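J.: My file is final22.txt. It has compact mmCIF, C-alpha atoms:
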```
# COMPACT_ATOMS: atom_id res chain seq x y z
CA MET A 53 -8.78 180.19 243.98
CA VAL A 54 -5.91 182.51 244.89
CA GLU A 55 -6.39 181.84 248.59
CA PHE A 56 -6.57 178.10 247.96
CA LEU A 57 -3.36 178.01 245.92
CA VAL A 58 -1.23 180.60 247.72
CA ASP A 59 -2.27 180.20 251.35
CA GLN A 60 -3.25 176.55 251.50
CA GLN A 61 -1.11 174.92 248.82
CA ARG A 62 1.83 177.36 249.09
CA ILE A 63 2.09 178.00 245.36
CA ASP A 64 4.29 180.96 244.41
CA PRO A 65 2.15 184.08 243.78
CA SER A 66 3.81 184.63 240.39
CA VAL A 67 2.61 181.19 239.27
CA VAL A 68 -0.92 181.91 240.46
CA ASP A 69 -0.84 185.29 238.74
CA PHE A 70 0.07 183.56 235.46
CA MET A 71 -2.81 181.12 235.92
CA THR A 72 -5.37 183.84 236.51
CA ARG A 73 -4.14 186.39 233.98
CA GLN A 74 -2.74 184.34 231.11
CA LEU A 75 -4.76 181.12 231.41
CA GLN A 76 -7.93 182.92 232.52
CA MET A 77 -8.57 180.62 235.48
CA SER A 78 -10.96 182.30 237.87
CA SER A 79 -11.98 179.43 240.13
CA ILE A 80 -10.80 176.15 241.58
CA LEU A 81 -13.21 174.46 239.18
CA ASP A 82 -11.40 176.07 236.23
CA PHE A 83 -8.10 174.68 237.52
CA ALA A 84 -9.57 171.23 238.18
CA ASN A 85 -11.02 171.02 234.66
CA TYR A 86 -8.07 172.53 232.81
CA PHE A 87 -6.11 169.26 232.67
CA SER A 88 -7.20 165.66 232.25
CA LYS A 89 -6.16 162.99 234.74
CA ALA A 90 -3.77 161.46 232.21
CA TYR A 91 -2.11 164.79 231.44
CA TYR A 92 -2.08 166.90 234.60
CA GLU A 93 1.44 165.88 235.72
CA ILE A 94 2.90 167.03 232.41
CA GLY A 95 0.46 169.92 232.07
CA VAL A 96 1.19 171.74 235.32
CA ARG A 97 4.90 171.51 234.60
CA GLU A 98 5.00 172.42 230.90
CA GLU A 99 2.01 174.73 230.58
CA ILE A 100 2.25 176.58 233.89
CA VAL A 101 5.49 176.40 235.88
CA ALA A 102 7.69 176.31 232.76
CA LYS A 103 6.06 179.55 231.58
CA VAL A 104 6.81 181.57 234.73
CA ALA A 105 10.05 183.32 235.64
CA PRO A 106 12.38 182.51 237.31
CA PHE A 107 11.37 178.84 237.23
CA ASN A 108 11.38 178.67 233.42
CA GLU A 109 15.12 179.39 233.34
CA ASP A 110 15.92 175.90 234.62
CA MET A 111 13.14 173.45 235.39
CA SER A 112 15.59 171.12 237.13
CA THR A 113 16.20 173.51 240.04
CA PRO A 114 14.78 172.58 243.46
CA ASP A 115 12.46 175.62 243.44
CA ALA A 116 10.96 174.73 240.05
CA MET A 117 10.55 171.10 241.03
CA LEU A 118 8.94 172.12 244.33
CA GLN A 119 6.41 174.38 242.59
CA THR A 120 5.60 171.61 240.12
CA SER A 121 5.10 169.10 242.92
CA ARG A 122 2.89 171.46 244.92
CA LEU A 123 0.82 172.37 241.88
CA ARG A 124 0.26 168.70 241.06
CA ALA A 125 -0.88 168.10 244.63
CA ALA A 126 -3.16 171.13 244.38
CA TRP A 127 -4.75 169.76 241.20
CA ILE A 128 -5.45 166.44 242.94
CA ARG A 129 -6.93 168.33 245.89
CA ALA A 130 -9.06 170.43 243.54
CA GLN A 131 -10.51 167.27 241.99
CA SER A 132 -12.08 166.28 245.29
CA MET A 133 -13.45 169.69 246.20
CA ASP A 134 -17.07 170.68 245.70
CA THR A 135 -16.43 173.94 243.88
CA TRP A 136 -19.92 174.45 242.43
CA SER A 137 -23.31 174.62 244.02
CA PRO A 138 -26.76 175.79 242.91
CA ALA A 139 -26.45 178.67 245.36
CA THR A 140 -23.29 180.02 243.78
CA SER A 141 -24.80 179.53 240.35
CA LYS A 142 -27.87 181.58 241.29
CA THR A 143 -25.66 184.27 242.80
CA ALA A 144 -23.59 184.50 239.64
CA LYS A 145 -26.73 184.68 237.51
CA LYS A 146 -28.15 187.44 239.71
CA GLU A 147 -24.88 189.39 239.48
CA ASP A 148 -25.02 189.09 235.70
CA GLN A 149 -28.56 190.45 235.67
CA VAL A 150 -27.54 193.39 237.86
CA ALA A 151 -24.53 194.06 235.65
CA GLU A 152 -26.75 194.13 232.57
CA LEU A 153 -29.07 196.65 234.23
CA LYS A 154 -26.06 198.81 235.05
CA GLY A 155 -24.85 198.62 231.48
CA GLU A 156 -21.69 196.76 232.45
CA HIS A 157 -22.31 194.09 229.82
CA PHE A 158 -21.91 195.03 226.20
CA ASN A 159 -24.49 194.60 223.49
CA GLY A 160 -25.80 191.32 222.10
CA ALA A 161 -23.09 191.14 219.46
CA HIS A 162 -20.44 191.28 222.16
CA MET A 163 -22.17 188.54 224.14
CA GLN A 164 -22.39 186.40 221.01
CA HIS A 165 -18.67 186.92 220.40
CA LYS A 166 -18.00 185.91 224.00
CA LYS A 167 -19.93 182.68 223.48
CA GLN A 168 -18.13 181.97 220.22
CA ALA A 169 -14.78 182.34 221.97
CA HIS A 170 -15.49 178.95 223.56
CA LEU A 171 -16.16 177.33 220.17
CA LEU A 172 -13.69 176.02 217.60
CA GLY A 173 -15.17 178.50 215.12
CA MET A 174 -13.00 179.12 212.07
CA GLY A 175 -10.18 177.20 213.70
CA TRP A 176 -8.53 176.67 217.06
CA THR A 177 -4.83 176.06 217.72
CA SER A 178 -3.42 174.44 220.83
CA PRO A 179 -0.62 175.92 222.92
CA ALA A 180 2.91 174.84 221.96
CA ILE A 181 3.58 171.17 222.72
CA ALA A 182 6.98 170.78 224.36
CA VAL A 183 7.05 167.09 225.30
CA ALA A 184 7.02 165.59 221.80
CA ASN A 185 8.31 166.05 218.27
CA PHE A 186 6.52 165.98 214.92
CA ASP A 187 7.13 162.27 214.26
CA THR A 188 6.13 160.95 217.68
CA LEU A 189 3.02 163.13 217.78
CA TRP A 190 2.05 162.03 214.27
CA GLU A 191 2.39 158.39 215.34
CA THR A 192 -0.10 159.04 218.13
CA MET A 193 -2.51 160.74 215.71
CA VAL A 194 -2.39 157.63 213.49
CA TYR A 195 -2.83 155.40 216.54
CA LYS A 196 -5.82 157.49 217.65
CA ALA A 197 -7.46 157.17 214.23
CA ARG A 198 -7.32 153.39 214.51
CA ASN A 199 -7.99 153.18 218.26
CA PRO A 200 -10.49 155.93 219.11
CA GLU A 201 -11.70 154.08 222.21
CA LYS A 202 -8.35 154.89 223.85
CA PHE A 203 -9.11 158.62 223.63
CA MET A 204 -12.91 158.96 223.48
CA ASP A 205 -15.97 157.44 225.12
CA VAL A 206 -16.92 155.16 222.22
CA SER A 207 -17.50 151.45 221.69
CA ASP A 208 -18.05 148.81 218.98
CA VAL A 209 -15.24 150.26 216.89
CA VAL A 210 -14.70 148.81 213.42
CA VAL A 211 -11.74 149.93 211.30
CA VAL A 212 -11.21 148.74 207.71
CA ASP A 213 -8.35 149.70 205.40
CA ARG A 214 -9.49 151.03 202.03
CA PRO A 215 -7.43 152.35 199.09
CA GLY A 216 -6.28 155.82 200.16
CA TYR A 217 -8.14 155.97 203.48
CA ILE A 218 -9.51 153.97 206.39
CA ALA A 219 -13.22 153.45 207.00
CA ARG A 220 -14.18 153.70 210.66
CA ALA A 221 -17.47 153.06 212.42
CA MET A 222 -18.15 153.44 216.14
CA THR A 223 -20.89 154.07 218.67
CA ILE A 224 -20.87 157.26 220.73
CA ASN A 225 -21.70 155.95 224.19
CA ALA A 226 -23.25 159.18 225.46
CA THR A 227 -25.84 159.33 222.65
CA LYS A 228 -25.83 155.69 221.47
CA LYS A 229 -25.44 157.09 217.96
CA ARG A 230 -23.60 155.07 215.33
CA VAL A 231 -21.08 157.16 213.40
CA GLU A 232 -19.37 156.20 210.15
CA GLU A 233 -16.48 158.15 208.69
CA HIS A 234 -13.60 158.00 206.25
CA ILE A 235 -10.20 159.10 207.50
CA TYR A 236 -7.48 160.41 205.19
CA ALA A 237 -3.91 160.89 206.40
CA SER A 238 -1.20 163.00 204.79
CA GLU A 239 2.02 162.89 206.75
CA ARG A 240 3.71 165.36 204.41
CA LYS A 241 1.02 167.94 205.14
CA GLY A 242 0.61 166.86 208.75
CA GLU A 243 -3.13 166.50 208.13
CA MET A 244 -5.58 163.97 209.48
CA VAL A 245 -8.92 164.50 207.71
CA TYR A 246 -12.23 163.05 208.91
CA ARG A 247 -15.26 162.90 206.61
CA ILE A 248 -18.63 161.78 207.94
CA VAL A 249 -20.42 159.15 205.85
CA ASP A 250 -24.19 159.29 205.44
CA SER A 251 -25.54 156.09 206.98
CA LYS A 252 -28.27 155.78 204.34
CA THR A 253 -26.51 156.68 201.11
CA LYS A 254 -23.03 155.61 202.29
CA HIS A 255 -21.67 158.72 200.58
CA GLU A 256 -19.30 161.19 202.19
CA THR A 257 -20.83 164.48 203.28
CA GLU A 258 -19.63 167.84 201.95
CA ASP A 259 -17.85 168.91 205.13
CA GLU A 260 -14.70 167.53 206.68
CA ARG A 261 -12.96 167.96 210.03
CA VAL A 262 -9.22 168.54 209.95
CA MET A 263 -6.57 167.93 212.59
CA LEU A 264 -3.42 169.71 211.43
CA LEU A 265 0.00 169.17 213.00
CA LYS A 266 2.01 172.40 212.78
CA GLU A 267 5.66 173.12 213.50
CA ASP A 268 7.80 175.99 214.84
CA PRO A 269 6.46 175.65 217.46
CA LEU A 270 4.85 172.22 217.51
CA ARG A 271 1.08 172.47 218.02
CA LEU A 272 -2.25 171.08 216.79
CA GLU A 273 -4.91 173.02 214.90
CA PHE A 274 -8.53 171.95 214.45
CA PHE A 275 -10.86 173.35 211.82
CA HIS A 276 -13.84 172.57 209.60
CA ARG A 277 -13.84 173.02 205.81
CA HIS A 278 -15.79 172.26 202.65
CA VAL A 279 -14.48 169.33 200.62
CA SER A 280 -15.35 170.79 197.21
CA ASN A 281 -13.58 174.16 197.48
CA GLY A 282 -11.31 173.87 200.53
CA TYR A 283 -12.81 176.92 202.25
CA ARG A 284 -13.17 176.85 206.01
CA SER A 285 -16.56 176.97 207.67
CA PHE A 286 -17.59 177.85 211.22
CA TRP A 287 -17.35 174.85 213.52
CA HIS A 288 -20.01 174.96 216.23
CA ALA A 289 -18.15 172.63 218.58
CA PRO A 290 -16.82 173.51 222.06
CA VAL A 291 -13.10 173.94 222.62
CA GLU A 292 -12.94 172.17 225.98
CA PRO A 293 -13.40 168.55 224.76
CA VAL A 294 -10.76 169.18 222.10
CA ARG A 295 -8.39 170.58 224.71
CA ARG A 296 -8.85 167.45 226.83
CA MET A 297 -8.32 165.22 223.79
CA ILE A 298 -5.04 166.98 223.01
CA GLN A 299 -3.92 166.40 226.57
CA GLU A 300 -4.67 162.69 226.15
CA ILE A 301 -2.74 162.63 222.87
CA VAL A 302 0.28 164.35 224.41
CA ALA A 303 0.17 162.10 227.47
CA HIS A 304 0.07 158.99 225.26
CA THR A 305 2.95 160.34 223.16
CA ALA A 306 5.06 161.07 226.23
CA ALA A 307 4.35 157.63 227.69
CA ALA A 308 5.23 155.89 224.42
CA ALA A 309 8.46 157.87 224.13
CA GLY A 310 9.57 156.53 227.49
CA LYS A 311 9.32 152.89 226.40
CA SER A 312 12.08 150.95 224.68
CA GLN A 313 11.40 150.16 221.02
CA ASP A 314 12.28 146.71 219.65
CA THR A 315 10.36 147.07 216.39
CA ILE A 316 9.82 149.96 214.00
CA GLY A 317 6.07 149.90 214.62
CA LEU A 318 4.45 153.13 213.43
CA GLY A 319 7.88 154.69 213.00
CA PHE A 320 11.38 154.86 214.41
CA LEU A 321 13.35 158.06 214.90
CA SER A 322 17.13 157.93 215.17
CA GLU A 323 19.20 159.92 217.60
CA GLU A 324 20.36 163.33 216.41
CA ILE A 325 22.97 162.93 213.67
CA LYS A 326 25.97 165.19 214.19
CA ASP A 327 29.31 165.87 212.47
CA VAL A 328 27.85 165.48 208.97
CA SER A 329 26.01 167.96 206.78
CA HIS A 330 22.44 167.56 205.61
CA ASP A 331 23.48 167.45 201.94
CA ALA A 332 26.20 164.86 202.53
CA LEU A 333 23.79 162.60 204.38
CA TRP A 334 21.17 162.96 201.65
CA ARG A 335 23.74 162.04 198.97
CA SER A 336 24.58 158.86 200.87
CA MET A 337 20.90 157.97 201.14
CA VAL A 338 20.47 158.36 197.38
CA GLU A 339 23.62 156.32 196.72
CA SER A 340 22.22 153.51 198.88
CA ILE A 341 19.51 152.93 196.25
CA ARG A 342 21.96 151.92 193.52
CA GLU A 343 24.80 150.71 195.75
CA PRO A 344 23.06 148.91 198.63
CA GLY A 345 26.04 146.60 199.17
CA ARG A 346 27.95 149.51 200.71
CA PHE A 347 25.35 149.77 203.46
CA PHE A 348 24.09 146.23 204.19
CA PRO A 349 24.92 142.64 203.11
CA CYS A 350 23.22 141.70 199.83
CA SER A 351 23.92 139.92 196.53
CA ASP A 352 22.57 139.34 193.02
CA LEU A 353 21.99 143.06 192.55
CA SER A 354 20.23 144.26 189.42
CA ILE A 355 19.40 147.91 188.73
CA LYS A 356 17.01 149.17 186.05
CA GLU A 357 16.53 152.89 185.49
CA CYS A 358 12.86 153.70 184.90
CA LYS A 359 10.96 156.93 184.41
CA GLY A 360 10.60 158.50 187.86
CA PHE A 361 12.03 155.58 189.83
CA VAL A 362 14.64 152.81 190.00
CA GLU A 363 13.65 149.16 189.81
CA ARG A 364 15.96 147.17 192.05
CA THR A 365 16.34 143.43 192.48
CA LEU A 366 18.55 142.00 195.21
CA THR A 367 18.91 139.11 197.60
CA ALA A 368 19.19 139.83 201.33
CA ASN A 369 18.65 137.57 204.34
CA GLY A 370 18.09 134.65 201.98
CA LYS A 371 15.20 136.34 200.14
CA THR A 372 15.11 137.89 196.68
CA ASN A 373 12.94 140.96 196.31
CA VAL A 374 12.05 143.34 193.52
CA GLU A 375 11.22 146.88 194.53
CA HIS A 376 10.63 150.30 193.04
CA CYS A 377 12.68 153.05 194.66
CA PHE A 378 11.58 156.69 194.56
CA ASP A 379 13.62 159.61 195.88
CA SER A 380 12.35 163.13 196.52
CA GLU A 381 14.87 165.78 197.44
CA GLU A 382 12.02 168.22 198.05
CA THR A 383 10.62 166.14 200.92
CA CYS A 384 13.94 164.39 201.69
CA GLU A 385 12.26 161.00 201.45
CA ILE A 386 13.22 157.72 199.82
CA VAL A 387 10.29 155.39 199.25
CA TYR A 388 10.58 151.64 198.61
CA ARG A 389 7.62 149.74 197.15
CA LYS A 390 7.80 145.98 196.88
CA VAL A 391 6.81 144.54 193.48
CA VAL A 392 4.85 141.28 193.36
CA ASN A 393 3.85 139.75 190.01
CA GLY A 394 4.62 143.03 188.30
CA GLU A 395 2.39 145.09 190.63
CA GLU A 396 3.42 147.43 193.41
CA ALA A 397 2.28 146.35 196.87
CA GLU A 398 -0.12 148.51 198.88
CA ASN A 399 2.39 149.32 201.62
CA GLU A 400 5.62 151.21 201.17
CA LYS A 401 8.73 151.69 203.31
CA VAL A 402 9.92 155.25 203.85
CA VAL A 403 13.30 156.59 204.93
CA ALA A 404 13.03 160.31 205.66
CA LEU A 405 15.75 162.81 206.50
CA ARG A 406 14.49 165.23 209.15
CA LYS A 407 15.77 168.65 210.15
CA ASN A 408 15.94 170.67 213.38
CA PRO A 409 17.74 168.63 214.59
```
Take the structure in the file and give it back as structure tokens.
T.:
Amino acid sequence: MVEFLVDQQRIDPSVVDFMTRQLQMSSILDFANYFSKAYYEIGVREEIVAKVAPFNEDMSTPDAMLQTSRLRAAWIRAQSMDTWSPATSKTAKKEDQVAELKGEHFNGAHMQHKKQAHLLGMGWTSPAIAVANFDTLWETMVYKARNPEKFMDVSDVVVVDRPGYIARAMTINATKKRVEEHIYASERKGEMVYRIVDSKTKHETEDERVMLLKEDPLRLEFFHRHVSNGYRSFWHAPVEPVRRMIQEIVAHTAAAAGKSQDTIGLGFLSEEIKDVSHDALWRSMVESIREPGRFFPCSDLSIKECKGFVERTLTANGKTNVEHCFDSEETCEIVYRKVVNGEEAENEKVVALRKNP
């Protein structure tokens, strides 16, 4: 691989050294499989070149851009190369057998640990994600839950909204197996929880799979846990498909961020707000509940203080609405729930004050 990248593709040796030492790539096949087709352009830039000095000091320099361009071309070239053959496989196997006879391999426990390193196990966390923020990545996670065929090889997808979760059924094309699951989303926790449903009893199973969005730095964690007690359990699933899925998620997020947004859709994030403190902005948001006329045209305002919320009636854009308004300084969120015939509607509108920036 070193000869291919340095001599043929003219990649800087320091970049190749990072790939072999830090990313543990030992062959052209490793490089070819490390990124998906949808993600490789972002991946080689953010996960390789941007990690290597001196290019990481300023990725807009000609040298950094040249290395990125060459590495992208090398990845495309690697895709078309026959980097595996039965002969090389037999040779590798024979070398392993010789190494075992020489005592160069450790005991069975070590080999088992080596195998488990490629599994999700008690949890696996992705590298830092630099091309998105919490909100845009969460939007993609929600989109993925409702549109799995965009990210996985599945078909006949059925998604139904239920109180507190969505019920999803789909066919895994590789196995032709029909899978049913309930998906729970908690934006405050950054958790997307998947629970398999028994096809016969229609009851949820005891285990759940969790996709957790973490911050500082932004990254995704995957783990398996018991529903009843919250304890994690060993997940016997390979890391590589999850790595590719994350690349697809990040690529989709980056592509969506580059498009103009005419509607709020799954969420809208304002530009960074400067020249005003966090507390001052929060006070104004709270004031907007009881004094909406200061912030947008409305009339016939009526405010009723209730336990835990404010009931507000007003006319705006020719329509009169009644809504319950909840504010939480802890989460910096104001929630508006429309009231119809005395009952709160299923959907709610949320205005959240974010930090950093």
J.: Given the choices A:Val391, A:Ile80, A:Val54, A:Val291, which gets closest to A:Arg129 if the distance is worked out from all atoms listed in the file?
T.: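 Nearest to A:Arg129: A:Ile80.
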J.: To one decimal place, how far is atom CA of A:Lys401 from atom CA of A:Ala219 in Å?
T.: 22.3 Å
J.: With all atoms listed in the file as the counted atoms, please give the residues lying no more than 9 Å from A:Val294, apart from itself and same-chain residues fewer than 4 positions off, as number ranges by chain.
T.: A: 172, 274, 289-290, 298-299
J.: Given the selection you just returned, output its residues as a file containing C-alpha atoms, formatted as a PDB file, in the frame of the given file.
T.:
```
ATOM      1  CA  LEU A 172     -13.690 176.020 217.600  1.00  0.00           C
ATOM      2  CA  PHE A 274      -8.530 171.950 214.450  1.00  0.00           C
ATOM      3  CA  ALA A 289     -18.150 172.630 218.580  1.00  0.00           C
ATOM      4  CA  PRO A 290     -16.820 173.510 222.060  1.00  0.00           C
ATOM      5  CA  ILE A 298      -5.040 166.980 223.010  1.00  0.00           C
ATOM      6  CA  GLN A 299      -3.920 166.400 226.570  1.00  0.00           C
TER       7      GLN A 299
END
```
J.: Enumerate, as a list in words, the protein, DNA and RNA residues whose atoms approach (4.7, 176.0, 215.0) to within 12 Å, taking into account only C-alpha atoms and the coordinate frame of the file.
T.: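 The residues that fall inside the cut-off are Thr177, Ser178, Pro179, Ala180, Ile181, Ala182, Asn185, Phe186, Gly242, Leu264, Leu265, Lys266, Glu267, Asp268, Pro269, Leu270, Arg271, Leu272 and Glu273 of chain A.
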J.: Just the number, please: distance in Å from atom CA of A:Trp127 to atom CA of A:Asp64, one decimal.
T.: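 Value for the atom CA of A:Trp127-atom CA of A:Asp64 distance: 14.7 Å.
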J.: Within 9 Å of A:Ile100, counting only C-alpha atoms, which residues show up once you throw out same-chain ones fewer than 3 positions away? Write them as a PyMOL selection string, please.
T.: chain A and resi 67+70-71+75+95-97+103-104+120
J.: Would you please work out which residue, of A:Asp69, A:Met174, A:Asn408, A:Val392, is nearest to A:Leu57 when using all atoms listed in the file?
T.: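 The closest residue to A:Leu57 is A:Asp69.
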J.: Calculate how many Å separate atom CA of A:Ala197 from atom CA of A:Ile218, rounding to one decimal.
T.: 8.7 Å
J.: Take the point (6.5, 166.0, 202.3) as written in the file and pick out every residue within 10 Å of it, counting only C-alpha atoms; give the list as a count of residues only.
T.: 12
J.: For A:Arg247, which residue among A:Asp379, A:Gln74, A:Arg198, A:Glu232 is the nearest when counting all atoms listed in the file?
T.: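 For A:Arg247, the nearest of the given residues is A:Glu232.
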J.: Restricting the calculation to all atoms listed in the file: of A:Glu323, A:Lys359, A:Cys377, A:Ser112, which residue gets closest to A:Met337?
T.: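 Of all the options, A:Cys377 lies closest to A:Met337.
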J.: Point out the residue among A:Ile248, A:Ile355, A:Ala237, A:Leu81 with the least atom-to-atom distance to A:Tyr195, counting all atoms listed in the file.
T.: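 With all atoms listed in the file as the atom set, the closest residue is A:Ala237.
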J.: Could you check the closest approach to A:Glu339 for each of A:Val362, A:Asp327, A:Gly216, A:Phe83 and tell me which residue wins, using all atoms listed in the file?
T.: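 For A:Glu339, the nearest of the given residues is A:Val362.
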